[in-house]
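A.B. asks: My questions all concern the structure below.
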Amino acid sequence: MKTLVVYSSQTGNTKKLANAVYESLKGEKEIFSVQSAPDPQNYDFIALGFWFKGGKPDPKSAEYLNKIGKGKRLFLFATHGASPGSDHAKNGIKNAVNLAPEAELTGNFTCQGEVNPKVMEKIKAKPEPPVWINDAPAAAGHPDDDDINRIKEVINKIID
């Protein structure tokens, strides 16, 4: 099986998860940032990691998801400032799935990721800040070792 790990990361949060996914995979595998990622059609299994922008995958990841065609096995992972299991996190994954409707979704994983303080201030200044902003302080220090171990467990269940 030829495997591709692709990630988009502004602050390093999603890259940490991408490296954990990559380390957990066996066989022929490659890892790329979304900016330099190859054509997904040449791979059997694609793990795509992204951060949320407006409750959706960041624009570069969204564009890449549109390239993933029929019959490709897809694992999604994401970091966000919202609480784990929140509607914001669930809807972000749903939005990602909708961008690759022909892919075979094998699973997903999300966890909080520390939000850049400059971004926090900018978002707090909005007339109507997003609902997840109140959860963001709890994201400090994430992804942590527990998050890394959990994504490795999820990947191991999928590939076994």
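Residue numbers start at 1 in each chain; chains themselves are named A, B, ... in the order of the structure tokens; ligands are numbered from 1 in the order shown.
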Could you list, as a list in words, every residue within 10 Å of Ser86 (chain A), counting only C-alpha atoms and ignoring same-chain residues fewer than 4 positions away?
C.D. replies: Ala82, Lys90, Asn91, Gly92, Trp132 and Asp135 of chain A
A.B. asks: Report as number ranges by chain: the residues of chain A with a DSSP assignment of alpha helix (DSSP H), based on the backbone of this structure.
C.D. replies: A: 13-24, 59-65, 87-99, 117-124, 145-159
A.B. asks: Apply DSSP to the backbone of this structure and, from region 76-108 of chain A, keep only the residues in strand (DSSP E); write these as a VMD selection string.
C.D. replies: chain A and resid 76 to 80 104 to 108
A.B. asks: Per residue of region 75-136 of chain A within 9 Å of region 48-58 of chain A, record the nearest atom pair and its distance in Å to one decimal, counting only C-alpha atoms, with rows in chain order and ascending residue number, as a Markdown table.
C.D. replies:
```
| residue | atom | partner | partner_atom | distance |
| --- | --- | --- | --- | --- |
| A:Phe75 | CA | A:Leu48 | CA | 6.3 |
| A:Leu76 | CA | A:Leu48 | CA | 5.1 |
| A:Phe77 | CA | A:Gly49 | CA | 4.6 |
| A:Ala78 | CA | A:Phe50 | CA | 4.9 |
| A:Thr79 | CA | A:Trp51 | CA | 5.1 |
| A:His80 | CA | A:Phe52 | CA | 5.9 |
| A:Gly81 | CA | A:Phe52 | CA | 8.5 |
| A:His88 | CA | A:Gly55 | CA | 6.2 |
| A:Ala89 | CA | A:Gly55 | CA | 7.5 |
| A:Asn91 | CA | A:Gly55 | CA | 6.9 |
| A:Gly92 | CA | A:Lys56 | CA | 4.8 |
| A:Ile93 | CA | A:Lys56 | CA | 7.6 |
| A:Lys94 | CA | A:Lys56 | CA | 8.6 |
| A:Asn95 | CA | A:Lys56 | CA | 5.8 |
| A:Ala96 | CA | A:Pro57 | CA | 6.1 |
| A:Gly113 | CA | A:Trp51 | CA | 8.6 |
| A:Pro130 | CA | A:Gly54 | CA | 8.5 |
```
A.B. asks: Based on the selection just made, write C-alpha atoms of those residues as a JSON list (two decimals), in the first residue's frame.
C.D. replies:
```
[["chain", "number", "residue", "atom", "x", "y", "z"],
["A", 75, "PHE", "CA", -8.15, 9.63, 7.02],
["A", 76, "LEU", "CA", -8.78, 13.18, 8.25],
["A", 77, "PHE", "CA", -7.19, 14.86, 11.24],
["A", 78, "ALA", "CA", -7.42, 18.41, 12.48],
["A", 79, "THR", "CA", -6.46, 20.83, 15.22],
["A", 80, "HIS", "CA", -8.72, 23.61, 16.46],
["A", 81, "GLY", "CA", -9.29, 25.93, 19.38],
["A", 88, "HIS", "CA", -17.59, 23.22, 15.87],
["A", 89, "ALA", "CA", -15.13, 20.31, 15.63],
["A", 91, "ASN", "CA", -18.98, 20.31, 11.70],
["A", 92, "GLY", "CA", -15.42, 21.07, 10.59],
["A", 93, "ILE", "CA", -14.88, 17.37, 9.84],
["A", 94, "LYS", "CA", -18.26, 17.15, 8.07],
["A", 95, "ASN", "CA", -17.22, 20.09, 5.90],
["A", 96, "ALA", "CA", -13.97, 18.31, 5.05],
["A", 113, "GLY", "CA", -4.38, 23.05, 19.17],
["A", 130, "PRO", "CA", -17.01, 32.75, 17.18]]
```
A.B. asks: Nearest to Ala62 (chain A) among A:Val154, A:Tyr7, A:Ala20, A:Asn108, with distances taken over only C-alpha atoms: which residue is it?
C.D. replies: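 Residue with the minimum atom-to-atom distance to Ala62 (chain A): A:Tyr7.
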A.B. asks: Find, counting only C-alpha atoms, the residue in A:Gly85, A:Glu114, A:Asp160, A:Tyr64 that gets nearest to Lys16 (chain A).
C.D. replies: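 Looking at the shortest contact to Lys16 (chain A), the residue is A:Glu114.
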A.B. asks: Quote the spacing between CA of Ser9 (chain A) and CA of Glu128 (chain A) in Å to one decimal place.
C.D. replies: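 These atoms are spaced 25.6 Å apart.
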A.B. asks: Restricting the calculation to only C-alpha atoms, which member of A:Lys70, A:Lys124, A:Ala136, A:Ser61 is positioned closest to Glu104 (chain A)?
C.D. replies: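 Between A:Lys70, A:Lys124, A:Ala136, A:Ser61, the residue approaching Glu104 (chain A) most closely is A:Lys70.
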A.B. asks: For CA of Lys29 (chain A) and CA of Met1 (chain A), quote the distance in Å rounded to one decimal.
C.D. replies: 8.4 Å
A.B. asks: Which one is closest to Gln10 (chain A): A:Val34, A:Leu65, A:Ala138, A:Ala125? Count only C-alpha atoms.
C.D. replies: A:Val34
A.B. asks: To one decimal in Å, tell me the separation between CA of Asn149 (chain A) and CA of Ser33 (chain A).
C.D. replies: 21.6 Å
A.B. asks: Give me the residues within 7 Å of region 35-39 of chain A as a list in words, counting only C-alpha atoms and dropping any in the same chain fewer than 3 places off.
C.D. replies: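 The filter keeps Val6, Phe32 and Asn42 of chain A.
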